[in-house]
Amino acid sequence: MFNEFKNGEKVIVCGPGENNGKFYKNLPAKIIERDPYYHDYHVKFKDGTDDWLLPEHIRKPYSRKMKRRK
């Protein structure tokens, strides 16, 4: 199966975590692993905490999302 983010890759997190529901806004993190069943990512932040996140809330640095046209 195709992984959008590789293990050890640096990413930016914008969205709620799944452990305690904390909302992360533009925080840098590093990918630890990907769950093969639920397809979510385990990330580690610079302060040492870690959390599980859905791929919709993770993006690569210096990338933009495409705007949808109506």
# chains A, B, ... in the order shown; residues from 1 in each chain; ligands from 1

$ select_by_dssp --residues "chain A" --states "strand (DSSP E)" --output "PyMOL selection string"
chain A and resi 10-16+23-34+41-45+50-53+58-59

$ residues_around --residues "Lys44 of chain A" --least-positions-apart "5" --cutoff "7 Å" --atoms "only C-alpha atoms" --output "PDB file with N, CA, C and O atoms, in the first residue's frame"
ATOM      1  N   ALA A  29       6.605  18.220  13.273  1.00  0.00           N
ATOM      2  CA  ALA A  29       6.662  16.901  13.892  1.00  0.00           C
ATOM      3  C   ALA A  29       7.432  15.958  12.971  1.00  0.00           C
ATOM      4  O   ALA A  29       7.788  16.317  11.850  1.00  0.00           O
ATOM      5  N   LYS A  30       7.667  14.737  13.469  1.00  0.00           N
ATOM      6  CA  LYS A  30       8.373  13.722  12.704  1.00  0.00           C
ATOM      7  C   LYS A  30       7.538  12.442  12.713  1.00  0.00           C
ATOM      8  O   LYS A  30       7.008  12.055  13.755  1.00  0.00           O
ATOM      9  N   ILE A  31       7.404  11.804  11.570  1.00  0.00           N
ATOM     10  CA  ILE A  31       6.621  10.568  11.450  1.00  0.00           C
ATOM     11  C   ILE A  31       7.377   9.419  12.116  1.00  0.00           C
ATOM     12  O   ILE A  31       8.541   9.190  11.814  1.00  0.00           O
ATOM     13  N   ILE A  32       6.706   8.695  13.015  1.00  0.00           N
ATOM     14  CA  ILE A  32       7.295   7.510  13.642  1.00  0.00           C
ATOM     15  C   ILE A  32       6.888   6.259  12.871  1.00  0.00           C
ATOM     16  O   ILE A  32       7.729   5.458  12.477  1.00  0.00           O
ATOM     17  N   THR A  49       6.402  14.799  23.100  1.00  0.00           N
ATOM     18  CA  THR A  49       5.103  14.130  23.118  1.00  0.00           C
ATOM     19  C   THR A  49       4.846  13.475  21.769  1.00  0.00           C
ATOM     20  O   THR A  49       5.438  13.847  20.758  1.00  0.00           O
ATOM     21  N   ASP A  50       3.953  12.502  21.779  1.00  0.00           N
ATOM     22  CA  ASP A  50       3.585  11.847  20.527  1.00  0.00           C
ATOM     23  C   ASP A  50       2.081  11.663  20.489  1.00  0.00           C
ATOM     24  O   ASP A  50       1.414  11.679  21.514  1.00  0.00           O
ATOM     25  N   ASP A  51       1.551  11.501  19.280  1.00  0.00           N
ATOM     26  CA  ASP A  51       0.107  11.392  19.103  1.00  0.00           C
ATOM     27  C   ASP A  51      -0.169  10.721  17.763  1.00  0.00           C
ATOM     28  O   ASP A  51       0.689  10.679  16.887  1.00  0.00           O
TER      29      ASP A  51
END

$ atom_distance --atom1 "atom CA of Asn26 of chain A" --atom2 "atom CA of Glu9 of chain A"
15.8 Å

$ closest_residue --among "A:His57, A:Lys46, A:His39, A:Arg64" --to "Tyr24 of chain A" --atoms "only C-alpha atoms"
A:His57

$ closest_residue --among "A:Pro36, A:Glu4, A:Trp52, A:Val43" --to "Asn19 of chain A" --atoms "only C-alpha atoms"
A:Trp52

$ decode --residues "chain A" --atoms "C-alpha atoms" --output "CSV table (one decimal), in the first residue's frame"
chain,number,residue,atom,x,y,z
A,1,MET,CA,0.0,0.0,0.0
A,2,PHE,CA,1.2,3.5,-0.8
A,3,ASN,CA,2.4,5.7,2.1
A,4,GLU,CA,2.1,9.4,1.6
A,5,PHE,CA,4.6,10.1,4.3
A,6,LYS,CA,7.7,8.0,5.0
A,7,ASN,CA,9.0,7.0,8.4
A,8,GLY,CA,11.4,9.7,9.8
A,9,GLU,CA,10.0,12.4,7.5
A,10,LYS,CA,9.5,15.9,8.9
A,11,VAL,CA,5.9,17.2,8.6
A,12,ILE,CA,3.6,20.0,9.7
A,13,VAL,CA,0.5,19.1,11.8
A,14,CYS,CA,-2.7,21.1,11.6
A,15,GLY,CA,-5.6,19.3,13.3
A,16,PRO,CA,-6.9,17.3,16.3
A,17,GLY,CA,-5.0,14.4,17.8
A,18,GLU,CA,-6.6,11.1,18.6
A,19,ASN,CA,-5.1,10.4,22.0
A,20,ASN,CA,-6.6,13.2,24.0
A,21,GLY,CA,-8.3,15.4,21.3
A,22,LYS,CA,-5.8,18.2,21.6
A,23,PHE,CA,-5.8,20.5,18.6
A,24,TYR,CA,-2.4,21.2,16.9
A,25,LYS,CA,-1.9,24.3,14.8
A,26,ASN,CA,1.1,24.4,12.5
A,27,LEU,CA,3.4,22.4,14.7
A,28,PRO,CA,6.5,20.6,13.2
A,29,ALA,CA,6.7,16.9,13.9
A,30,LYS,CA,8.4,13.7,12.7
A,31,ILE,CA,6.6,10.6,11.4
A,32,ILE,CA,7.3,7.5,13.6
A,33,GLU,CA,5.1,4.9,11.9
A,34,ARG,CA,1.8,4.3,10.0
A,35,ASP,CA,-0.9,2.0,11.3
A,36,PRO,CA,-1.6,-0.5,8.5
A,37,TYR,CA,-5.2,-1.1,9.6
A,38,TYR,CA,-6.5,2.4,10.5
A,39,HIS,CA,-4.2,4.3,8.1
A,40,ASP,CA,-3.3,7.0,10.6
A,41,TYR,CA,0.1,8.2,11.5
A,42,HIS,CA,2.0,8.2,14.8
A,43,VAL,CA,4.0,11.4,15.0
A,44,LYS,CA,6.5,12.8,17.6
A,45,PHE,CA,6.7,16.5,18.4
A,46,LYS,CA,9.8,18.5,19.3
A,47,ASP,CA,8.7,18.7,23.0
A,48,GLY,CA,8.8,14.8,23.2
A,49,THR,CA,5.1,14.1,23.1
A,50,ASP,CA,3.6,11.8,20.5
A,51,ASP,CA,0.1,11.4,19.1
A,52,TRP,CA,-1.8,9.6,16.4
A,53,LEU,CA,-3.2,11.8,13.5
A,54,LEU,CA,-5.2,11.2,10.4
A,55,PRO,CA,-3.4,12.0,7.1
A,56,GLU,CA,-5.8,14.8,6.3
A,57,HIS,CA,-4.3,16.8,9.2
A,58,ILE,CA,-0.7,16.3,8.1
A,59,ARG,CA,1.2,18.1,5.3
A,60,LYS,CA,4.7,18.3,4.0
A,61,PRO,CA,6.6,21.5,4.7
A,62,TYR,CA,6.5,24.2,2.0
A,63,SER,CA,3.5,22.6,0.3
A,64,ARG,CA,0.1,24.1,-0.4
A,65,LYS,CA,-3.3,22.5,-0.8
A,66,MET,CA,-5.0,22.9,-4.1
A,67,LYS,CA,-8.1,25.2,-4.1
A,68,ARG,CA,-11.2,23.6,-5.5
A,69,ARG,CA,-13.0,25.4,-8.2
A,70,LYS,CA,-16.8,25.6,-8.2
